[in-house]
Structures are given as C-alpha cells and as structure tokens.
$ cat run_29.cif   # mmCIF, C-alpha atoms
data_protein
loop_
_atom_site.label_atom_id
_atom_site.label_comp_id
_atom_site.auth_asym_id
_atom_site.auth_seq_id
_atom_site.Cartn_x
_atom_site.Cartn_y
_atom_site.Cartn_z
CA MET S 1 102.33 -56.02 -197.72
CA THR S 2 100.06 -54.64 -200.48
CA VAL S 3 96.37 -55.46 -200.93
CA LEU S 4 97.33 -57.68 -203.87
CA ASP S 5 99.85 -59.55 -201.73
CA GLU S 6 97.21 -60.19 -199.07
CA ILE S 7 94.73 -61.46 -201.66
CA ILE S 8 97.30 -63.81 -203.21
CA ALA S 9 98.19 -65.21 -199.79
CA GLY S 10 94.54 -66.12 -199.21
CA VAL S 11 94.21 -67.54 -202.71
CA LEU S 12 97.17 -69.86 -202.10
CA GLU S 13 95.69 -71.12 -198.83
CA ASP S 14 92.31 -71.83 -200.43
CA LEU S 15 93.98 -73.43 -203.43
CA ALA S 16 95.89 -75.83 -201.18
CA ASP S 17 92.59 -76.93 -199.61
CA ARG S 18 91.05 -77.62 -203.05
CA GLN S 19 94.10 -79.54 -204.21
CA ARG S 20 93.78 -81.85 -201.23
CA LEU S 21 90.22 -82.65 -202.31
CA VAL S 22 90.65 -82.84 -206.10
CA SER S 23 93.91 -83.92 -207.73
CA LEU S 24 95.28 -82.53 -210.98
CA ASP S 25 94.73 -85.94 -212.57
CA GLN S 26 91.08 -85.80 -211.58
CA LEU S 27 90.76 -82.36 -213.15
CA LYS S 28 92.36 -83.61 -216.35
CA GLU S 29 89.84 -86.44 -216.44
CA GLN S 30 87.01 -83.91 -216.08
CA VAL S 31 88.43 -81.76 -218.85
CA SER S 32 88.56 -84.75 -221.20
CA SER S 33 84.75 -84.88 -221.12
CA THR S 34 84.15 -81.10 -221.10
CA PRO S 35 82.98 -79.43 -224.33
CA SER S 36 85.64 -77.36 -226.10
CA ALA S 37 86.16 -73.77 -224.99
CA LEU S 38 84.17 -71.12 -226.85
CA ASP S 39 85.97 -68.50 -228.95
CA LEU S 40 85.12 -64.92 -227.99
CA SER S 41 87.36 -63.26 -230.59
CA PRO S 42 84.61 -62.61 -233.18
CA ALA S 43 82.53 -60.69 -230.64
CA PHE S 44 85.54 -58.60 -229.65
CA ARG S 45 86.66 -57.78 -233.17
CA GLY S 46 83.43 -56.18 -234.40
CA PRO S 47 82.97 -52.48 -235.14
CA ASP S 48 81.36 -51.70 -231.79
CA VAL S 49 82.55 -51.99 -228.21
CA ALA S 50 81.69 -55.30 -226.58
CA ILE S 51 80.57 -55.46 -222.97
CA ILE S 52 81.93 -57.94 -220.44
CA ALA S 53 79.26 -58.16 -217.75
CA GLU S 54 80.38 -59.34 -214.33
CA VAL S 55 78.86 -61.43 -211.57
CA LYS S 56 80.44 -59.82 -208.52
CA ARG S 57 79.17 -59.83 -204.94
CA SER S 58 81.85 -57.70 -203.26
CA SER S 59 85.26 -56.12 -203.74
CA PRO S 60 88.22 -55.08 -201.57
CA SER S 61 87.64 -51.42 -202.40
CA LYS S 62 83.86 -51.21 -201.83
CA GLY S 63 83.03 -54.18 -199.63
CA LYS S 64 79.67 -55.85 -200.18
CA LEU S 65 77.97 -54.84 -203.42
CA SER S 66 75.09 -57.27 -203.89
CA ASP S 67 73.80 -60.55 -202.47
CA ILE S 68 73.30 -62.11 -205.95
CA ALA S 69 71.31 -65.05 -204.63
CA ASP S 70 71.04 -66.49 -208.14
CA PRO S 71 74.20 -65.79 -210.19
CA ALA S 72 72.90 -67.93 -213.05
CA GLU S 73 69.79 -65.77 -213.41
CA LEU S 74 71.87 -62.59 -213.46
CA ALA S 75 74.17 -64.14 -216.06
CA SER S 76 71.11 -65.06 -218.13
CA ILE S 77 70.02 -61.41 -218.07
CA TYR S 78 73.48 -60.41 -219.24
CA SER S 79 73.51 -63.01 -222.00
CA SER S 80 70.05 -62.23 -223.36
CA GLY S 81 70.79 -58.51 -223.03
CA GLY S 82 73.72 -58.61 -225.42
CA ALA S 83 76.84 -59.07 -223.30
CA ALA S 84 79.67 -60.68 -225.28
CA LEU S 85 81.25 -62.35 -222.26
CA VAL S 86 80.15 -63.01 -218.69
CA SER S 87 82.83 -62.64 -216.03
CA VAL S 88 82.34 -64.71 -212.88
CA LEU S 89 84.34 -63.86 -209.74
CA THR S 90 85.35 -67.09 -208.00
CA GLU S 91 87.70 -65.72 -205.32
CA GLU S 92 85.96 -66.26 -201.99
CA ARG S 93 87.59 -64.13 -199.29
CA ARG S 94 87.48 -60.66 -200.84
CA PHE S 95 84.95 -61.09 -203.65
CA GLY S 96 82.42 -63.57 -202.22
CA GLY S 97 82.61 -65.86 -205.25
CA SER S 98 82.97 -69.61 -205.71
CA LEU S 99 83.44 -72.32 -208.27
CA LYS S 100 79.79 -73.21 -207.68
CA ASP S 101 78.89 -69.79 -209.10
CA LEU S 102 80.90 -70.69 -212.19
CA ASP S 103 79.16 -74.07 -212.47
CA ASP S 104 75.71 -72.51 -212.10
CA VAL S 105 76.41 -69.84 -214.72
CA ARG S 106 77.89 -72.36 -217.17
CA ALA S 107 74.79 -74.51 -216.88
CA LYS S 108 72.56 -71.53 -217.69
CA ILE S 109 74.18 -69.63 -220.57
CA THR S 110 75.77 -70.52 -223.90
CA ILE S 111 78.04 -67.49 -224.45
CA PRO S 112 81.72 -67.47 -223.34
CA ILE S 113 82.55 -67.21 -219.64
CA LEU S 114 85.59 -65.65 -218.01
CA ARG S 115 86.71 -67.10 -214.70
CA LYS S 116 87.96 -64.02 -212.90
CA ASP S 117 90.33 -65.00 -210.13
CA PHE S 118 93.99 -64.74 -209.19
CA MET S 119 95.73 -67.42 -211.24
CA VAL S 120 99.07 -68.53 -209.79
CA THR S 121 99.43 -72.19 -210.85
CA PRO S 122 98.54 -74.39 -213.84
CA TYR S 123 96.20 -76.34 -211.53
CA GLN S 124 93.84 -73.34 -211.58
CA ILE S 125 93.83 -73.26 -215.38
CA TRP S 126 92.83 -76.92 -215.55
CA GLU S 127 90.29 -76.24 -212.80
CA SER S 128 88.81 -73.38 -214.78
CA ARG S 129 88.40 -75.51 -217.91
CA ALA S 130 86.95 -78.40 -215.89
CA HIS S 131 84.28 -76.04 -214.57
CA GLY S 132 83.43 -74.71 -218.03
CA ALA S 133 85.34 -71.43 -218.25
CA ASP S 134 86.43 -70.37 -221.73
CA VAL S 135 88.68 -67.49 -220.69
CA ILE S 136 91.00 -66.98 -217.73
CA LEU S 137 92.54 -63.86 -216.22
CA LEU S 138 96.31 -63.47 -215.86
CA ILE S 139 97.33 -60.48 -213.73
CA VAL S 140 100.84 -59.39 -214.64
CA ALA S 141 101.36 -57.66 -211.28
CA ALA S 142 100.75 -60.97 -209.48
CA LEU S 143 103.13 -63.13 -211.53
CA ASP S 144 106.77 -63.29 -212.52
CA GLN S 145 107.57 -63.60 -216.22
CA GLY S 146 108.25 -67.32 -216.08
CA SER S 147 104.87 -67.97 -214.46
CA LEU S 148 103.10 -65.77 -217.01
CA ILE S 149 104.60 -67.77 -219.85
CA GLU S 150 103.75 -71.08 -218.17
CA LEU S 151 100.14 -70.14 -217.43
CA LEU S 152 99.51 -68.65 -220.87
CA SER S 153 100.94 -71.79 -222.48
CA CYS S 154 98.70 -73.96 -220.31
CA ALA S 155 95.62 -71.96 -221.30
CA ASP S 156 96.57 -72.19 -224.99
CA SER S 157 97.01 -75.95 -224.71
CA LEU S 158 93.45 -76.23 -223.38
CA GLY S 159 92.00 -74.07 -226.14
CA MET S 160 91.29 -71.24 -223.72
CA GLN S 161 91.92 -67.54 -224.17
CA ALA S 162 93.68 -65.36 -221.62
CA LEU S 163 92.86 -61.81 -220.63
CA VAL S 164 96.29 -60.50 -219.61
CA GLU S 165 95.82 -57.60 -217.21
CA VAL S 166 98.20 -54.66 -216.88
CA HIS S 167 98.23 -51.30 -215.09
CA ASN S 168 101.43 -49.56 -216.18
CA GLU S 169 104.02 -49.42 -218.96
CA GLU S 170 106.35 -52.00 -217.46
CA GLU S 171 103.51 -54.52 -217.08
CA LEU S 172 102.33 -53.79 -220.63
CA ASP S 173 105.81 -54.51 -221.98
CA ARG S 174 105.79 -57.82 -220.11
CA ALA S 175 102.37 -58.72 -221.54
CA LEU S 176 103.51 -57.90 -225.06
CA GLY S 177 106.68 -59.89 -224.42
CA ILE S 178 104.74 -63.12 -223.86
CA GLY S 179 102.64 -62.62 -226.98
CA ALA S 180 99.35 -61.72 -225.27
CA LYS S 181 96.52 -61.50 -227.81
CA MET S 182 94.06 -59.82 -225.44
CA ILE S 183 95.23 -57.20 -222.97
CA GLY S 184 93.10 -55.79 -220.18
CA ILE S 185 94.10 -52.34 -218.97
CA ASN S 186 92.94 -51.98 -215.38
CA SER S 187 92.44 -48.39 -214.32
CA ARG S 188 92.52 -49.62 -210.72
CA ASN S 189 95.91 -50.11 -209.13
CA LEU S 190 95.55 -53.48 -207.38
CA LYS S 191 98.26 -52.58 -204.89
CA THR S 192 96.56 -49.37 -203.69
CA LEU S 193 93.00 -49.80 -205.08
CA GLU S 194 93.09 -46.26 -206.50
CA VAL S 195 91.41 -45.66 -209.88
CA ASP S 196 92.83 -43.46 -212.63
CA ARG S 197 90.91 -43.62 -215.94
CA GLU S 198 93.77 -41.86 -217.73
CA VAL S 199 95.69 -45.13 -217.50
CA PHE S 200 93.66 -46.70 -220.32
CA PRO S 201 94.22 -44.13 -223.09
CA ARG S 202 97.89 -43.83 -222.19
CA LEU S 203 98.58 -47.56 -222.39
CA ALA S 204 96.13 -48.37 -225.19
CA ALA S 205 98.05 -46.05 -227.51
CA ARG S 206 101.11 -48.30 -227.07
CA ILE S 207 99.35 -51.57 -227.98
CA PRO S 208 100.01 -52.76 -231.55
CA PRO S 209 97.10 -53.29 -233.98
CA GLY S 210 95.50 -56.71 -233.88
CA ILE S 211 95.66 -57.13 -230.10
CA ILE S 212 92.29 -56.91 -228.35
CA LYS S 213 92.16 -54.01 -225.88
CA VAL S 214 89.86 -54.34 -222.85
CA ALA S 215 89.13 -51.46 -220.48
CA GLU S 216 88.66 -52.47 -216.84
CA SER S 217 87.40 -50.53 -213.80
CA GLY S 218 86.06 -47.04 -213.42
CA VAL S 219 82.75 -47.59 -215.24
CA SER S 220 79.70 -46.20 -213.49
CA GLY S 221 77.57 -45.69 -216.60
CA PRO S 222 77.40 -45.10 -220.37
CA SER S 223 79.62 -42.00 -220.35
CA GLU S 224 82.67 -44.00 -219.26
CA VAL S 225 81.99 -46.65 -221.93
CA ALA S 226 81.89 -43.90 -224.56
CA GLU S 227 85.11 -42.47 -223.16
CA TYR S 228 86.87 -45.82 -223.35
CA ALA S 229 85.46 -46.41 -226.84
CA ASN S 230 86.94 -43.13 -228.04
CA ALA S 231 90.29 -44.19 -226.59
CA GLY S 232 90.29 -47.40 -228.64
CA ALA S 233 88.73 -50.05 -226.40
CA ASP S 234 87.43 -53.18 -228.11
CA ALA S 235 85.61 -54.25 -224.96
CA VAL S 236 84.76 -52.80 -221.55
CA LEU S 237 84.38 -54.82 -218.37
CA VAL S 238 81.56 -53.66 -216.09
CA GLY S 239 80.92 -55.13 -212.66
CA GLU S 240 79.87 -52.84 -209.81
CA ALA S 241 77.53 -50.66 -211.89
CA LEU S 242 75.58 -53.68 -213.14
CA VAL S 243 75.31 -55.65 -209.89
CA THR S 244 74.15 -52.58 -207.96
CA SER S 245 71.68 -51.46 -210.64
CA ALA S 246 67.94 -51.77 -210.01
CA ASN S 247 67.58 -52.75 -213.67
CA PRO S 248 70.75 -54.42 -215.00
CA ARG S 249 69.09 -55.29 -218.32
CA LEU S 250 68.29 -51.64 -219.03
CA LEU S 251 71.73 -50.46 -217.93
CA LEU S 252 73.39 -53.08 -220.13
CA ALA S 253 71.39 -51.79 -223.12
CA GLU S 254 72.55 -48.24 -222.34
CA LEU S 255 76.18 -49.38 -222.04
CA LEU S 256 75.99 -51.17 -225.38
CA ALA S 257 74.43 -48.12 -227.03
CA ALA S 258 77.26 -45.95 -225.70
CA GLY S 259 79.80 -48.20 -227.38
CA LEU S 260 78.25 -48.10 -230.85
CA ARG S 261 80.69 -47.06 -233.57
CA SER S 262 78.94 -48.43 -236.65
CA ASP S 263 76.48 -46.40 -238.71
#

$ encode --input "run_29.cif" --output "structure tokens"
Amino acid sequence: MTVLDEIIAGVLEDLADRQRLVSLDQLKEQVSSTPSALDLSPAFRGPDVAIIAEVKRSSPSKGKLSDIADPAELASIYSSGGAALVSVLTEERRFGGSLKDLDDVRAKITIPILRKDFMVTPYQIWESRAHGADVILLIVAALDQGSLIELLSCADSLGMQALVEVHNEEELDRALGIGAKMIGINSRNLKTLEVDREVFPRLAARIPPGIIKVAESGVSGPSEVAEYANAGADAVLVGEALVTSANPRLLLAELLAAGLRSD
C-alpha cells in the first residue's frame, strides 16, 4: 500500500463519520444560502506569477511543521501580503487540518480559498462550498477517470474551480482529457513522497496555451519561484516555507518579487 493509499483510507473513514452527522441534503441547504464562489482566474492570468499561500500544520513527508494556533490570522497575513489564493489543508490525520480551519479563514479574508484535501466523492465538493471554499483540489492519482469527470462536473455546477493535480505524463493526459482549465503539477510523488523539480518544466511544456499552470512542492524560497516562473508557471503553491518562516509576510513579498515578469 502506498502513502497515498493509506491517506485515502483514512479520508474515507473520516468522511463516513461526517456523513453520519450532516446529510447531503443539509449541505445543499447550507449552500443555498452561501455567497457565490469567487473567481480566481483574473489573478492567475496576469503577467506575473501568482502565489498560493498555504495554511499547513504538518505533512506526511516532514511531520509537524507549525502549531498555527490561529489559521485565520495567518491567512490574513497572506491576503494582505499579496497572495492570490489561500490554500487551507483540511485533512486531519496526516496534515492536522479541519473544516473549522476553513470556516475560520473564510470568516477572516475576502480573497479566494482553496480547500486542499483528498476529494473522493461529490459530498466533499458540496461540503467545501458549504464551508466557503471557492476552489477544490482533484488529485488524478487518487481517482479513476469516471470519478474525475463526476467531481469536476459537480464543482462546475456549484460555480467552483478545480485545481487538477498531476505528477506524470499519463496523469496529465487524463487531466487534459476531462477538460481541466487549471492544472497543478506536483513535483512530489504522492506515492513515494520524493520531490523532483524537473517534473514541472517537463510537463508544463506539454500543456496547451490557455490552461493555467500551477507549480506545487519543492519551494523553499524565491529562487525556486523564479525557476518555476522561467518554466512557464502562472502560479506557485507555497506551504512549508511560509508556515515555518519567522516572518511569513516578508517571505511572501520576496516570493512575489521573484515571480515578477512585467517591466
């Protein structure tokens, strides 16, 4: 069993618990009174590289990263510092997140929010929208093609955008096959947790114009953002470097400066 398989098994167990407490009909009722999802496309289609700043307490590869006692305050720093999108980890077992983190962040900031979790059923898409997420993550390696199509369609129907994550050529072909408009290239292999930053330039070169390209993993500072920018990234997701920084606001400014392309 791979690391990804183990994570998904835990996600399914936790999901079953939540479904017993809150029905899909109840989620749909919540969504009916939730403000429409925000559109992040303009921020990702500018001349410079956008930064997705992440609220992340721990990870399977590094263990505990930061306590983050107040995720909303950290998200506020990201928002005021120029991040285009705030990513909130809600998986509990390996990443130390929760839907409460998502609620707290949504109540604090007005820019788009990505719920970063392991989506396996439409219930989670409705759940994400009910808790104020504007964007959801779909990991190709964790889903068969039928499920990818179903989940992307569900997100579209709710006015949400999907970051469709790939790690190799076969997964990229599957993402393109479902009409993904925003593709995240993860330099970390979720089955082995190894990082190879050469994955991004290799796959990005195969993505047709007009599709947003997001670089994920392997960013420790401005030099990696510049590297991804040169390889064609429209946005770069940064988690560990920001949550472990003594001054995330300053680091965010440096990351944004490294992604400048305009005169």

$ resolve_selection --input "run_29.cif" --expression "the PyMOL selection byres ((chain S and resi 44) around 12)" --output "JSON, numbers by chain"
{"S": [39, 40, 41, 42, 43, 45, 46, 47, 48, 49, 50, 51, 52, 83, 84, 85, 112, 181, 182, 183, 210, 211, 212, 213, 214, 233, 234, 235, 236, 237]}

$ residues_near_point --input "run_29.cif" --point "(86.0, -64.6, -208.5)" --cutoff "9 Å" --atoms "only C-alpha atoms" --output "ChimeraX atom specification"
/S:55-56,87-92,94-99,101-102,115-118

$ closest_atom_pairs --input "run_29.cif" --of "region 30-83 of chain S" --to "region 132-147 of chain S" --cutoff "8 Å" --atoms "all atoms listed in the file" --output "CSV"
residue,atom,partner,partner_atom,distance
S:Thr34,CA,S:Gly132,CA,7.1
S:Pro35,CA,S:Gly132,CA,7.9
S:Ala37,CA,S:Asp134,CA,4.7
S:Leu38,CA,S:Asp134,CA,5.6
S:Asp39,CA,S:Asp134,CA,7.5

$ resolve_selection --input "run_29.cif" --expression "the PyMOL selection byres ((chain S and resi 13-15) around 12)" --output "number ranges by chain"
S: 6-12, 16-24, 90-93, 98-99, 117-125, 127

$ write_last_selection --input "run_29.cif" --atoms "C-alpha atoms" --output "PDB file, keeping the file's coordinate frame"
ATOM      1  CA  GLU S   6      97.210 -60.190-199.070  1.00  0.00           C
ATOM      2  CA  ILE S   7      94.730 -61.460-201.660  1.00  0.00           C
ATOM      3  CA  ILE S   8      97.300 -63.810-203.210  1.00  0.00           C
ATOM      4  CA  ALA S   9      98.190 -65.210-199.790  1.00  0.00           C
ATOM      5  CA  GLY S  10      94.540 -66.120-199.210  1.00  0.00           C
ATOM      6  CA  VAL S  11      94.210 -67.540-202.710  1.00  0.00           C
ATOM      7  CA  LEU S  12      97.170 -69.860-202.100  1.00  0.00           C
ATOM      8  CA  ALA S  16      95.890 -75.830-201.180  1.00  0.00           C
ATOM      9  CA  ASP S  17      92.590 -76.930-199.610  1.00  0.00           C
ATOM     10  CA  ARG S  18      91.050 -77.620-203.050  1.00  0.00           C
ATOM     11  CA  GLN S  19      94.100 -79.540-204.210  1.00  0.00           C
ATOM     12  CA  ARG S  20      93.780 -81.850-201.230  1.00  0.00           C
ATOM     13  CA  LEU S  21      90.220 -82.650-202.310  1.00  0.00           C
ATOM     14  CA  VAL S  22      90.650 -82.840-206.100  1.00  0.00           C
ATOM     15  CA  SER S  23      93.910 -83.920-207.730  1.00  0.00           C
ATOM     16  CA  LEU S  24      95.280 -82.530-210.980  1.00  0.00           C
ATOM     17  CA  THR S  90      85.350 -67.090-208.000  1.00  0.00           C
ATOM     18  CA  GLU S  91      87.700 -65.720-205.320  1.00  0.00           C
ATOM     19  CA  GLU S  92      85.960 -66.260-201.990  1.00  0.00           C
ATOM     20  CA  ARG S  93      87.590 -64.130-199.290  1.00  0.00           C
ATOM     21  CA  SER S  98      82.970 -69.610-205.710  1.00  0.00           C
ATOM     22  CA  LEU S  99      83.440 -72.320-208.270  1.00  0.00           C
ATOM     23  CA  ASP S 117      90.330 -65.000-210.130  1.00  0.00           C
ATOM     24  CA  PHE S 118      93.990 -64.740-209.190  1.00  0.00           C
ATOM     25  CA  MET S 119      95.730 -67.420-211.240  1.00  0.00           C
ATOM     26  CA  VAL S 120      99.070 -68.530-209.790  1.00  0.00           C
ATOM     27  CA  THR S 121      99.430 -72.190-210.850  1.00  0.00           C
ATOM     28  CA  PRO S 122      98.540 -74.390-213.840  1.00  0.00           C
ATOM     29  CA  TYR S 123      96.200 -76.340-211.530  1.00  0.00           C
ATOM     30  CA  GLN S 124      93.840 -73.340-211.580  1.00  0.00           C
ATOM     31  CA  ILE S 125      93.830 -73.260-215.380  1.00  0.00           C
ATOM     32  CA  GLU S 127      90.290 -76.240-212.800  1.00  0.00           C
TER      33      GLU S 127
END

$ atom_distance --input "run_29.cif" --atom1 "CA of Leu203 (chain S)" --atom2 "CA of Gly221 (chain S)"
21.9 Å

$ closest_residue --input "run_29.cif" --among "S:Ala130, S:Val195, S:Ala69, S:Glu54" --to "Ser33 (chain S)" --atoms "only C-alpha atoms"
S:Ala130

$ residues_around --input "run_29.cif" --residues "region 239-246 of chain S" --least-positions-apart "4" --cutoff "10 Å" --atoms "only C-alpha atoms" --output "list in words"
Ile52, Ala53, Glu54, Val55, Lys56, Arg57, Ser58, Ser59, Lys62, Leu65, Ser66, Asp67, Ile68, Leu74, Tyr78, Val86, Ser87, Val88, Leu89, Glu216, Ser217, Gly218, Val219, Ser220, Gly221, Leu250, Leu251, Leu252 and Leu255 of chain S

$ resolve_selection --input "run_29.cif" --expression "the PyMOL selection byres ((chain S and resi 199) around 12)" --output "list of chain:residue names"
S:Val166, S:His167, S:Asn168, S:Glu169, S:Leu172, S:Gly184, S:Ile185, S:Asn186, S:Ser187, S:Arg188, S:Asn189, S:Glu194, S:Val195, S:Asp196, S:Arg197, S:Glu198, S:Phe200, S:Pro201, S:Arg202, S:Leu203, S:Ala204, S:Ala205, S:Arg206, S:Ala215, S:Glu216, S:Ser217, S:Gly218, S:Tyr228, S:Ala231

$ atom_distance --input "run_29.cif" --atom1 "CA of Ala180 (chain S)" --atom2 "CA of Glu150 (chain S)"
12.5 Å

$ atom_distance --input "run_29.cif" --atom1 "CA of Ala226 (chain S)" --atom2 "CA of Met160 (chain S)"
28.9 Å

$ closest_residue --input "run_29.cif" --among "S:Ile149, S:Ala253, S:Ala258, S:Ile207" --to "Glu227 (chain S)" --atoms "all atoms listed in the file"
S:Ala258

$ decode --input "run_29.cif" --residues "region 55-72 of chain S" --atoms "N, CA and C atoms" --output "PDB file, in the first residue's frame"
ATOM      1  N   VAL S  55      -2.033  27.273   4.456  1.00  0.00           N
ATOM      2  CA  VAL S  55      -2.154  27.065   5.897  1.00  0.00           C
ATOM      3  C   VAL S  55      -1.993  25.565   6.122  1.00  0.00           C
ATOM      4  N   LYS S  56      -0.851  25.183   6.689  1.00  0.00           N
ATOM      5  CA  LYS S  56      -0.477  23.762   6.725  1.00  0.00           C
ATOM      6  C   LYS S  56       0.291  23.474   8.012  1.00  0.00           C
ATOM      7  N   ARG S  57      -0.265  22.634   8.862  1.00  0.00           N
ATOM      8  CA  ARG S  57       0.373  22.349  10.146  1.00  0.00           C
ATOM      9  C   ARG S  57       1.422  21.234  10.066  1.00  0.00           C
ATOM     10  N   SER S  58       1.173  20.237   9.231  1.00  0.00           N
ATOM     11  CA  SER S  58       2.092  19.103   9.143  1.00  0.00           C
ATOM     12  C   SER S  58       1.959  18.455   7.781  1.00  0.00           C
ATOM     13  N   SER S  59       2.831  17.477   7.514  1.00  0.00           N
ATOM     14  CA  SER S  59       2.769  16.758   6.248  1.00  0.00           C
ATOM     15  C   SER S  59       3.314  15.351   6.452  1.00  0.00           C
ATOM     16  N   PRO S  60       2.934  14.408   5.585  1.00  0.00           N
ATOM     17  CA  PRO S  60       3.451  13.042   5.719  1.00  0.00           C
ATOM     18  C   PRO S  60       4.965  12.962   5.550  1.00  0.00           C
ATOM     19  N   SER S  61       5.532  13.859   4.760  1.00  0.00           N
ATOM     20  CA  SER S  61       6.969  13.791   4.488  1.00  0.00           C
ATOM     21  C   SER S  61       7.819  14.430   5.576  1.00  0.00           C
ATOM     22  N   LYS S  62       7.299  15.490   6.227  1.00  0.00           N
ATOM     23  CA  LYS S  62       8.101  16.225   7.208  1.00  0.00           C
ATOM     24  C   LYS S  62       7.564  16.151   8.631  1.00  0.00           C
ATOM     25  N   GLY S  63       6.373  15.604   8.799  1.00  0.00           N
ATOM     26  CA  GLY S  63       5.783  15.596  10.134  1.00  0.00           C
ATOM     27  C   GLY S  63       5.285  16.979  10.513  1.00  0.00           C
ATOM     28  N   LYS S  64       5.353  17.302  11.806  1.00  0.00           N
ATOM     29  CA  LYS S  64       4.846  18.583  12.279  1.00  0.00           C
ATOM     30  C   LYS S  64       5.687  19.729  11.745  1.00  0.00           C
ATOM     31  N   LEU S  65       5.011  20.745  11.222  1.00  0.00           N
ATOM     32  CA  LEU S  65       5.684  21.920  10.680  1.00  0.00           C
ATOM     33  C   LEU S  65       5.483  23.145  11.562  1.00  0.00           C
ATOM     34  N   SER S  66       4.241  23.358  12.001  1.00  0.00           N
ATOM     35  CA  SER S  66       3.920  24.554  12.780  1.00  0.00           C
ATOM     36  C   SER S  66       2.618  24.326  13.541  1.00  0.00           C
ATOM     37  N   ASP S  67       2.502  24.924  14.723  1.00  0.00           N
ATOM     38  CA  ASP S  67       1.277  24.795  15.505  1.00  0.00           C
ATOM     39  C   ASP S  67       0.103  25.522  14.839  1.00  0.00           C
ATOM     40  N   ILE S  68       0.367  26.710  14.294  1.00  0.00           N
ATOM     41  CA  ILE S  68      -0.666  27.570  13.677  1.00  0.00           C
ATOM     42  C   ILE S  68      -1.896  27.623  14.582  1.00  0.00           C
ATOM     43  N   ALA S  69      -1.736  28.251  15.721  1.00  0.00           N
ATOM     44  CA  ALA S  69      -2.835  28.377  16.672  1.00  0.00           C
ATOM     45  C   ALA S  69      -3.997  29.182  16.109  1.00  0.00           C
ATOM     46  N   ASP S  70      -3.683  30.127  15.221  1.00  0.00           N
ATOM     47  CA  ASP S  70      -4.723  30.988  14.644  1.00  0.00           C
ATOM     48  C   ASP S  70      -4.594  30.984  13.120  1.00  0.00           C
ATOM     49  N   PRO S  71      -5.191  30.000  12.445  1.00  0.00           N
ATOM     50  CA  PRO S  71      -5.082  29.928  10.983  1.00  0.00           C
ATOM     51  C   PRO S  71      -5.658  31.150  10.280  1.00  0.00           C
ATOM     52  N   ALA S  72      -6.687  31.752  10.872  1.00  0.00           N
ATOM     53  CA  ALA S  72      -7.302  32.928  10.257  1.00  0.00           C
ATOM     54  C   ALA S  72      -6.336  34.105  10.241  1.00  0.00           C
TER      55      ALA S  72
END
